[in-house]
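A.B. asks: This is work-v5.csv, which holds CSV, C-alpha atoms:
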chain,number,residue,atom,x,y,z
A,1,MET,CA,-104.0,-54.3,-128.1
A,2,THR,CA,-102.9,-51.3,-130.1
A,3,THR,CA,-101.6,-50.9,-133.6
A,4,ARG,CA,-98.6,-48.7,-133.9
A,5,ILE,CA,-98.3,-47.0,-137.3
A,6,ASP,CA,-94.8,-46.1,-138.1
A,7,CYS,CA,-94.6,-45.0,-141.7
A,8,ASP,CA,-90.8,-44.8,-141.6
A,9,SER,CA,-90.7,-48.6,-141.1
A,10,CYS,CA,-93.5,-49.5,-143.6
A,11,VAL,CA,-92.1,-51.8,-146.3
A,12,VAL,CA,-94.4,-50.3,-149.0
A,13,ARG,CA,-93.8,-46.7,-148.0
A,14,GLY,CA,-93.8,-44.6,-151.1
A,15,LEU,CA,-95.4,-47.4,-153.2
A,16,ALA,CA,-98.7,-47.5,-151.4
A,17,CYS,CA,-98.9,-44.2,-149.5
A,18,HIS,CA,-101.2,-42.6,-152.1
A,19,ASP,CA,-103.8,-45.3,-151.4
A,20,CYS,CA,-103.4,-45.7,-147.6
A,21,VAL,CA,-106.1,-44.5,-145.1
A,22,VAL,CA,-103.4,-42.8,-143.0
A,23,THR,CA,-102.4,-40.5,-145.8
A,24,VAL,CA,-106.0,-39.8,-146.8
A,25,LEU,CA,-107.1,-38.9,-143.3
A,26,LEU,CA,-104.0,-37.3,-141.8
A,27,GLY,CA,-101.3,-36.9,-144.4
A,28,PRO,CA,-98.1,-38.9,-144.1
A,29,PRO,CA,-97.2,-38.9,-140.3
A,30,PRO,CA,-94.0,-40.3,-138.8
A,31,GLU,CA,-95.9,-42.5,-136.4
A,32,LEU,CA,-99.4,-43.1,-135.1
A,33,THR,CA,-101.0,-45.4,-132.6
A,34,PHE,CA,-104.6,-46.9,-133.0
A,35,ASP,CA,-106.3,-49.0,-130.4
A,36,ASP,CA,-108.4,-52.0,-131.4
A,37,ASP,CA,-111.6,-50.1,-131.6
A,38,GLU,CA,-110.1,-47.4,-133.8
A,39,ARG,CA,-108.5,-50.1,-136.0
A,40,ARG,CA,-111.9,-51.8,-136.4
A,41,ALA,CA,-113.5,-48.4,-137.2
A,42,LEU,CA,-110.9,-47.8,-140.0
A,43,ASP,CA,-111.6,-51.3,-141.3
A,44,VAL,CA,-115.4,-50.7,-141.4
A,45,LEU,CA,-114.9,-47.4,-143.2
A,46,ALA,CA,-112.6,-49.1,-145.7
A,47,GLU,CA,-115.0,-52.0,-146.2
A,48,GLY,CA,-117.8,-49.5,-146.9
A,49,GLY,CA,-115.6,-47.7,-149.5
A,50,LEU,CA,-115.4,-44.5,-147.6
A,51,VAL,CA,-111.7,-44.5,-147.2
A,52,PRO,CA,-108.9,-46.7,-148.6
A,53,PRO,CA,-107.6,-49.5,-146.4
A,54,LEU,CA,-104.6,-49.3,-144.2
A,55,ARG,CA,-101.7,-50.3,-146.4
A,56,LEU,CA,-99.1,-50.7,-143.6
A,57,VAL,CA,-96.7,-53.7,-144.2
A,58,GLN,CA,-94.5,-54.2,-141.2
A,59,PRO,CA,-91.0,-55.8,-141.7
A,60,VAL,CA,-90.5,-59.3,-140.4
A,61,ASP,CA,-87.5,-60.1,-138.3
A,62,PRO,CA,-85.1,-62.4,-140.1
A,63,ILE,CA,-85.0,-66.0,-139.0
A,64,GLN,CA,-81.9,-66.8,-137.0
A,65,ILE,CA,-80.3,-70.1,-138.2
A,66,GLU,CA,-77.6,-71.6,-136.1
A,67,SER,CA,-75.0,-73.8,-137.8
A,68,ALA,CA,-74.0,-77.1,-136.3
With the file now loaded, output its structure as structure tokens.
C.D. replies:
Amino acid sequence: MTTRIDCDSCVVRGLACHDCVVTVLLGPPPELTFDDDERRALDVLAEGGLVPPLRLVQPVDPIQIESA
């Protein structure tokens, strides 16, 4: 599985960019894609305190409620 990083759709864009690993390593890109191994590597670096964690918060599709 891959993780698609689209800063344009991040719910906390602007609020958490200064403390996001994407901004620290690459600057604010429009979109990135990380595979599982790369995502785990970023998590390990963040857990070790070497980079901030990924702060991406993806929007959730609204629940469709049908009326009777």
A.B. asks: So the first atom is CA of Asp43 in chain A and the second is CA of Thr3 in chain A; what is the distance between them in Å, to one decimal place?
C.D. replies: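 Between CA of Asp43 in chain A and CA of Thr3 in chain A the gap works out to 12.6 Å.
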A.B. asks: Tell me which protein, DNA and RNA residues are within 10 Å of Asp19 in chain A, counting all atoms listed in the file, leaving out same-chain ones fewer than 5 positions away, and put them as a JSON list (two decimals) with C-alpha atoms, keeping the file's coordinate frame.
C.D. replies:
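Contents of the output file around-v7.json:
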[["chain", "number", "residue", "atom", "x", "y", "z"],
["A", 24, "VAL", "CA", -106.00, -39.80, -146.80],
["A", 51, "VAL", "CA", -111.70, -44.50, -147.20],
["A", 52, "PRO", "CA", -108.90, -46.70, -148.60],
["A", 53, "PRO", "CA", -107.60, -49.50, -146.40],
["A", 54, "LEU", "CA", -104.60, -49.30, -144.20],
["A", 55, "ARG", "CA", -101.70, -50.30, -146.40]]
A.B. asks: Got a sec: who's within 7 Å of Gln58 in chain A, counting only C-alpha atoms, leaving out chain neighbours fewer than 5 positions off, as a list in words?
C.D. replies: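 After dropping sequence-adjacent residues, the list is Ser9, Cys10 and Val11 of chain A.
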A.B. asks: Closest to Val21 in chain A among A:Ala46, A:Ala41, A:Ile5, A:Ile63, using only C-alpha atoms?
C.D. replies: A:Ala46
A.B. asks: Between A:Pro62, A:Phe34, A:Ser67, A:Leu56, which is the closest to Val12 in chain A once you count only C-alpha atoms?
C.D. replies: A:Leu56
A.B. asks: Mind pulling up the distance from CA of Cys17 in chain A to CA of Asp36 in chain A?
C.D. replies: 21.9 Å
A.B. asks: Point out the residue among A:Ile65, A:Leu15, A:Asp6, A:Leu25 with the least atom-to-atom distance to Leu45 in chain A, counting all atoms listed in the file.
C.D. replies: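 Closest candidate: A:Leu25.
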A.B. asks: Quick one: pull the distance between CA of Thr23 in chain A and CA of Cys7 in chain A, Å, one decimal.
C.D. replies: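 That distance, rounded to one decimal, is 9.9 Å.
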A.B. asks: Working from the structure I just supplied, which lacks atoms in range 52-64 of chain A, can you model N, CA and C atoms there and output them as a PDB file, keeping the file's coordinate frame?
C.D. replies:
ATOM      1  N   PRO A  52    -109.665 -45.510-148.183  1.00  0.00           N
ATOM      2  CA  PRO A  52    -108.900 -46.700-148.600  1.00  0.00           C
ATOM      3  C   PRO A  52    -108.426 -47.450-147.344  1.00  0.00           C
ATOM      4  N   PRO A  53    -108.070 -48.710-147.512  1.00  0.00           N
ATOM      5  CA  PRO A  53    -107.600 -49.500-146.400  1.00  0.00           C
ATOM      6  C   PRO A  53    -106.231 -49.086-145.905  1.00  0.00           C
ATOM      7  N   LEU A  54    -105.910 -49.490-144.693  1.00  0.00           N
ATOM      8  CA  LEU A  54    -104.600 -49.300-144.200  1.00  0.00           C
ATOM      9  C   LEU A  54    -103.620 -50.171-144.992  1.00  0.00           C
ATOM     10  N   ARG A  55    -102.591 -49.600-145.553  1.00  0.00           N
ATOM     11  CA  ARG A  55    -101.700 -50.300-146.400  1.00  0.00           C
ATOM     12  C   ARG A  55    -100.347 -50.672-145.698  1.00  0.00           C
ATOM     13  N   LEU A  56    -100.307 -50.503-144.389  1.00  0.00           N
ATOM     14  CA  LEU A  56     -99.100 -50.700-143.600  1.00  0.00           C
ATOM     15  C   LEU A  56     -98.619 -52.180-143.780  1.00  0.00           C
ATOM     16  N   VAL A  57     -97.366 -52.353-144.129  1.00  0.00           N
ATOM     17  CA  VAL A  57     -96.700 -53.700-144.200  1.00  0.00           C
ATOM     18  C   VAL A  57     -95.503 -53.573-143.290  1.00  0.00           C
ATOM     19  N   GLN A  58     -95.562 -54.239-142.150  1.00  0.00           N
ATOM     20  CA  GLN A  58     -94.500 -54.200-141.200  1.00  0.00           C
ATOM     21  C   GLN A  58     -93.379 -55.191-141.560  1.00  0.00           C
ATOM     22  N   PRO A  59     -92.119 -54.806-141.385  1.00  0.00           N
ATOM     23  CA  PRO A  59     -91.000 -55.800-141.700  1.00  0.00           C
ATOM     24  C   PRO A  59     -91.057 -56.929-140.717  1.00  0.00           C
ATOM     25  N   VAL A  60     -90.582 -58.049-141.178  1.00  0.00           N
ATOM     26  CA  VAL A  60     -90.500 -59.300-140.400  1.00  0.00           C
ATOM     27  C   VAL A  60     -89.053 -59.460-139.980  1.00  0.00           C
ATOM     28  N   ASP A  61     -88.841 -59.795-138.705  1.00  0.00           N
ATOM     29  CA  ASP A  61     -87.500 -60.100-138.300  1.00  0.00           C
ATOM     30  C   ASP A  61     -86.927 -61.272-138.996  1.00  0.00           C
ATOM     31  N   PRO A  62     -85.667 -61.217-139.428  1.00  0.00           N
ATOM     32  CA  PRO A  62     -85.100 -62.400-140.100  1.00  0.00           C
ATOM     33  C   PRO A  62     -84.977 -63.574-139.199  1.00  0.00           C
ATOM     34  N   ILE A  63     -85.109 -64.744-139.786  1.00  0.00           N
ATOM     35  CA  ILE A  63     -85.000 -66.000-139.000  1.00  0.00           C
ATOM     36  C   ILE A  63     -83.504 -66.239-138.713  1.00  0.00           C
ATOM     37  N   GLN A  64     -83.234 -66.527-137.455  1.00  0.00           N
ATOM     38  CA  GLN A  64     -81.900 -66.800-137.000  1.00  0.00           C
ATOM     39  C   GLN A  64     -81.608 -68.315-137.181  1.00  0.00           C
TER      40      GLN A  64
END
